[in-house]
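Below is one structure, written out as structure tokens; the observations come after it.
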Number of protein chains: 2
Amino acid sequence: MQVLSEERMDTAPRSGCPINAAVEVLGDPWAMLVLRDIMFGNRRYFRELVAGSEEGIATNILASRLKQLVTAGLLTRADARRGQRAAYSLTEAGIQVLPVMVALGDWGLAHRTGDRRLRVRAELLRDGGPELVGAVIDELRELHLGVPLNPETPRASDQLRAAYEAAVLERTTSEVAES
Amino acid sequence: MQVLSEERMDTAPRSGCPINAAVEVLGDPWAMLVLRDIMFGNRRYFRELVAGSEEGIATNILASRLKQLVTAGLLTRADARRGQRAAYSLTEAGIQVLPVMVALGDWGLAHRTGDRRLRVRAELLRDGGPELVGAVIDELRELHLGVPLNPETPRASDQLRAAYEAAVLERTTSEVAES
DNA sequence: GTTAGTGATTGCAATATGCAACCGGTTCCG
DNA sequence: CGGAACCGGTTGCATATTGCAATCACTAAC
């Protein structure tokens, strides 16, 4: 359905249904995975995203999706001189994709099998409830939009990230051990 | 990323991440829209889905997506002799996509503009909270799985469907009036 | 036996994907 | 200065998927 064809981003939506409107932006697998890595992995640079991609995104696809997401208003690209690395940041609209991500993670946990170690993050988010989601949103606002965080409240996503990175590390070392 | 290529559904997932697992099934725009029409529009037959598609799905794409969704375990196809219409029903896994749908609708409402009349359903779902979502899930279980519904509780989705169909009707008649 | 309805399939042009090589620019280090 | 490493991409090309319209084999009703 030619989701967001990058050259023709001005195309009128296929319908005014909000679900369709969301799907026209988020309905591409790679768009979702790129957002996930920026959100949860705090990968802010092109090369970081390529290198850290669990699913192995190609550079042309990544370039295309980043452009689309910037044009769609989910990301901003900090202007940097050529040859110098440019940081991508989530906008508020991008941050608000988190609940969709949580819902997807929930569904994936319940209805697909997968590497148990990579499931930790989704399990934490599922079990943390709306409060944890709110806390993560607040921290994303601080990281990406510069909105100061209440120093009283614990940094929820630190916990998430630590759990996730420990799991990835475990996976990596066990792969090394296998080979 | 060759989401679910129908002939090669046995392909191993790209990663064990639950979000990726969900995206490999739900990451196709049409898959989501087909599920939406079955869930909210109660369209159970091939021709109904073609005719009622707000976005104009092509028959080959619909056939392909229905197969994929059956294989992925989100839908069942009632066996019917050739030439006789076959009913598609949601499985429990399919019904559980509702929260993802609600999250997408929320996001679409907040961050994209669209036909105001088609937004009614998403607004109702958003404002109804988890209780309404639960009630809709219960009614989907009755409709698609034959799980009896507590007759005491009101039929939440009747209300939703009525509001939605009124909006579509309004749209249709106004289009007719325009032409 | 014709007609309408069922769930699709087919052919074809246009588009998107996956992959690897490559590019111009910058920065670091000696 | 010279070279190497890193920066965000771009390019070419084979293959896969999409969108669209026509068509298919079959069933049921008249």
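Numbering starts fresh at 1 for the residues of each chain in the structure tokens, the chains themselves are lettered A, B, ... in the order given, and ligands are numbered from 1 as they appear.
Selecting strand (DSSP E or B) from the backbone DSSP output for segment 19-167 of chain A yields Leu75, Thr76, Arg77, Tyr88, Ser89 and Leu90 of chain A.
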File of the preceding selection, C-alpha atoms, as a CSV table (one decimal), in the first residue's frame:
```csv
chain,number,residue,atom,x,y,z
A,75,LEU,CA,12.1,12.1,14.9
A,76,THR,CA,14.2,15.2,14.5
A,77,ARG,CA,17.7,15.2,13.0
A,88,TYR,CA,18.4,11.7,15.9
A,89,SER,CA,15.9,12.5,18.7
A,90,LEU,CA,12.4,11.5,19.4
```
Segment 5-22 of chain D environment, 10 Å, only C-alpha atoms (C1' of nucleotides), sequence neighbours closer than 3 positions dropped, as a VMD selection string
(chain A and resid 1 to 2 45 to 47 59 to 60 62 to 64 81 to 86) or (chain B and resid 2 5 57 to 61) or (chain C and resid 10 to 23 25 to 28)
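Between atom CA of Arg36 of chain A and atom CA of Leu104 of chain B there is a distance of 15.3 Å.
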If the cut-off is 9 Å, can you tell me the residues of chain C near chain B, counting only C-alpha atoms (C1' of nucleotides)? I'd like them as number ranges by chain.
C: 5-9, 17-18
Deliver the residues from the most recent selection as a file, using N, CA and C atoms (P, O5', C5', C4', C3', O3' and C1' of nucleotides), as a short mmCIF file (atom, residue, chain, number, x, y, z; two decimals), in the first residue's frame.
```
data_model
loop_
_atom_site.label_atom_id
_atom_site.label_comp_id
_atom_site.auth_asym_id
_atom_site.auth_seq_id
_atom_site.Cartn_x
_atom_site.Cartn_y
_atom_site.Cartn_z
P DG C 5 -25.30 -10.69 -7.24
"O5'" DG C 5 -24.44 -11.71 -6.38
"C5'" DG C 5 -25.10 -12.60 -5.49
"C4'" DG C 5 -24.14 -13.69 -5.06
"C3'" DG C 5 -22.79 -13.15 -4.55
"O3'" DG C 5 -22.58 -13.53 -3.19
"C1'" DG C 5 -22.50 -14.96 -6.05
P DT C 6 -21.25 -13.07 -2.45
"O5'" DT C 6 -20.32 -14.33 -2.48
"C5'" DT C 6 -20.72 -15.53 -1.78
"C4'" DT C 6 -19.71 -16.63 -2.04
"C3'" DT C 6 -18.25 -16.22 -1.91
"O3'" DT C 6 -17.88 -16.24 -0.55
"C1'" DT C 6 -18.55 -17.62 -3.79
P DG C 7 -16.69 -15.30 -0.08
"O5'" DG C 7 -15.37 -16.12 -0.45
"C5'" DG C 7 -15.21 -17.43 0.03
"C4'" DG C 7 -14.09 -18.10 -0.75
"C3'" DG C 7 -12.73 -17.45 -0.55
"O3'" DG C 7 -11.71 -18.46 -0.58
"C1'" DG C 7 -13.27 -17.40 -2.83
P DA C 8 -10.24 -18.11 0.03
"O5'" DA C 8 -9.71 -16.82 -0.78
"C5'" DA C 8 -8.53 -16.92 -1.58
"C4'" DA C 8 -8.88 -17.38 -2.99
"C3'" DA C 8 -7.72 -17.30 -3.95
"O3'" DA C 8 -7.03 -18.53 -4.00
"C1'" DA C 8 -9.82 -16.64 -4.94
P DT C 9 -5.50 -18.55 -4.33
"O5'" DT C 9 -5.45 -18.35 -5.92
"C5'" DT C 9 -6.09 -19.29 -6.77
"C4'" DT C 9 -5.83 -18.90 -8.21
"C3'" DT C 9 -4.36 -18.59 -8.54
"O3'" DT C 9 -4.06 -19.26 -9.75
"C1'" DT C 9 -5.74 -16.77 -9.17
P DT C 17 10.49 -1.10 1.25
"O5'" DT C 17 11.38 -2.35 0.88
"C5'" DT C 17 10.80 -3.65 0.99
"C4'" DT C 17 11.86 -4.69 0.65
"C3'" DT C 17 13.07 -4.67 1.58
"O3'" DT C 17 13.14 -5.94 2.20
"C1'" DT C 17 13.70 -4.77 -0.72
P DG C 18 14.15 -6.16 3.39
"O5'" DG C 18 15.44 -6.70 2.64
"C5'" DG C 18 15.38 -7.97 2.02
"C4'" DG C 18 16.75 -8.30 1.44
"C3'" DG C 18 17.91 -8.07 2.41
"O3'" DG C 18 18.74 -9.22 2.32
"C1'" DG C 18 18.27 -6.86 0.38
#
```
Students should find that atom CA of Ala87 of chain A and atom CA of Leu132 of chain A are spaced 26.2 Å
Using only C-alpha atoms, I'd like every residue of chain A that has an atom within 8 Å of chain B; please write them out as JSON, numbers by chain.
{"A": [1, 3, 14, 15, 16, 17, 18, 19, 20, 21, 22, 23, 24, 27, 28, 29, 30, 32, 33, 54, 55, 93, 96, 97, 99, 100, 101, 103, 104, 105, 106, 107, 108, 109, 111, 112, 113, 114, 115, 116, 118, 119, 122]}
If you run DSSP on this backbone, which residues of segment 2-168 of chain B come out as helix (DSSP H, G or I), and could you give them as number ranges by chain?
B: 18-26, 29-41, 46-52, 59-71, 92-95, 98-111, 116-145, 156-168
Keeping only C-alpha atoms, take the residues you just selected and write them out as a compact mmCIF listing (two decimals), in the first residue's frame.
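Saved the output as selection_34.txt:
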```
# COMPACT_ATOMS: atom_id res chain seq x y z
CA PRO B 18 8.76 -9.81 21.36
CA ILE B 19 8.27 -6.51 19.57
CA ASN B 20 9.99 -7.93 16.52
CA ALA B 21 7.94 -11.10 16.82
CA ALA B 22 4.74 -9.05 16.86
CA VAL B 23 5.90 -6.85 14.01
CA GLU B 24 6.66 -9.86 11.83
CA VAL B 25 2.97 -10.72 11.98
CA LEU B 26 1.29 -7.35 12.46
CA PRO B 29 -0.37 -2.31 6.92
CA TRP B 30 -2.98 -4.50 5.27
CA ALA B 31 -2.87 -7.17 7.95
CA MET B 32 -3.78 -4.57 10.53
CA LEU B 33 -6.59 -3.10 8.43
CA VAL B 34 -8.08 -6.51 7.68
CA LEU B 35 -8.09 -7.33 11.38
CA ARG B 36 -9.66 -3.98 12.12
CA ASP B 37 -12.52 -4.61 9.69
CA ILE B 38 -13.14 -8.08 11.08
CA MET B 39 -13.02 -6.83 14.67
CA PHE B 40 -14.93 -3.60 14.47
CA GLY B 41 -16.90 -4.04 11.27
CA PHE B 46 -14.08 -12.36 1.64
CA ARG B 47 -16.50 -10.29 -0.39
CA GLU B 48 -17.63 -8.34 2.64
CA LEU B 49 -14.05 -7.42 3.34
CA VAL B 50 -13.42 -6.33 -0.23
CA ALA B 51 -16.62 -4.34 -0.51
CA GLY B 52 -16.38 -2.71 2.90
CA THR B 59 -8.46 -9.11 -3.88
CA ASN B 60 -5.07 -10.74 -4.33
CA ILE B 61 -3.67 -8.87 -1.35
CA LEU B 62 -6.69 -9.76 0.76
CA ALA B 63 -6.40 -13.42 -0.18
CA SER B 64 -2.71 -13.36 0.68
CA ARG B 65 -3.24 -11.64 4.03
CA LEU B 66 -6.09 -13.90 5.07
CA LYS B 67 -3.87 -16.92 4.41
CA GLN B 68 -1.04 -15.40 6.38
CA LEU B 69 -3.28 -14.52 9.30
CA VAL B 70 -4.75 -18.02 9.36
CA THR B 71 -1.30 -19.57 9.24
CA GLU B 92 -7.94 -15.69 20.93
CA ALA B 93 -4.59 -14.44 19.63
CA GLY B 94 -6.43 -12.39 17.04
CA ILE B 95 -8.79 -10.95 19.61
CA LEU B 98 -7.39 -5.29 20.17
CA PRO B 99 -5.16 -3.48 22.70
CA VAL B 100 -2.61 -2.86 19.95
CA MET B 101 -5.40 -1.49 17.80
CA VAL B 102 -6.53 0.78 20.62
CA ALA B 103 -2.99 2.06 21.14
CA LEU B 104 -2.65 2.74 17.41
CA GLY B 105 -6.00 4.50 17.36
CA ASP B 106 -4.96 6.65 20.31
CA TRP B 107 -1.81 7.65 18.57
CA GLY B 108 -3.59 8.36 15.32
CA LEU B 109 -6.13 10.51 17.10
CA ALA B 110 -3.48 12.53 18.85
CA HIS B 111 -0.94 12.92 16.08
CA ARG B 116 -13.63 13.56 12.06
CA ARG B 117 -16.54 11.21 11.53
CA LEU B 118 -14.30 8.17 11.28
CA ARG B 119 -12.65 9.07 14.56
CA VAL B 120 -15.69 8.45 16.72
CA ARG B 121 -14.89 4.80 17.30
CA ALA B 122 -11.32 5.44 18.36
CA GLU B 123 -12.46 8.24 20.65
CA LEU B 124 -15.01 6.00 22.32
CA LEU B 125 -12.42 3.28 22.84
CA ARG B 126 -9.88 5.73 24.17
CA ASP B 127 -12.31 7.28 26.63
CA GLY B 128 -13.85 3.99 27.69
CA GLY B 129 -10.61 2.85 29.30
CA PRO B 130 -9.53 -0.70 30.07
CA GLU B 131 -13.05 -1.67 31.17
CA LEU B 132 -14.50 -0.95 27.75
CA VAL B 133 -11.62 -2.78 26.06
CA GLY B 134 -12.33 -5.76 28.29
CA ALA B 135 -16.00 -5.64 27.45
CA VAL B 136 -15.27 -5.53 23.72
CA ILE B 137 -12.89 -8.46 24.10
CA ASP B 138 -15.63 -10.43 25.83
CA GLU B 139 -18.05 -9.72 23.06
CA LEU B 140 -15.51 -10.67 20.41
CA ARG B 141 -15.05 -13.96 22.25
CA GLU B 142 -18.76 -14.56 22.02
CA LEU B 143 -19.01 -13.62 18.36
CA HIS B 144 -15.94 -15.46 17.15
CA LEU B 145 -15.30 -18.23 19.65
CA ALA B 156 -20.18 -2.63 24.71
CA SER B 157 -19.33 -3.14 21.10
CA ASP B 158 -22.92 -2.72 19.95
CA GLN B 159 -22.59 0.84 21.09
CA LEU B 160 -19.28 1.17 19.28
CA ARG B 161 -20.55 -0.38 16.10
CA ALA B 162 -23.67 1.74 16.09
CA ALA B 163 -21.67 4.93 16.51
CA TYR B 164 -19.28 3.88 13.78
CA GLU B 165 -21.92 2.84 11.31
CA ALA B 166 -23.82 6.04 11.87
CA ALA B 167 -20.64 7.94 11.05
CA VAL B 168 -19.98 5.94 7.90
```
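Atom C1' of DC29 of chain C sits 23.4 Å away from atom CA of Ala80 of chain A.
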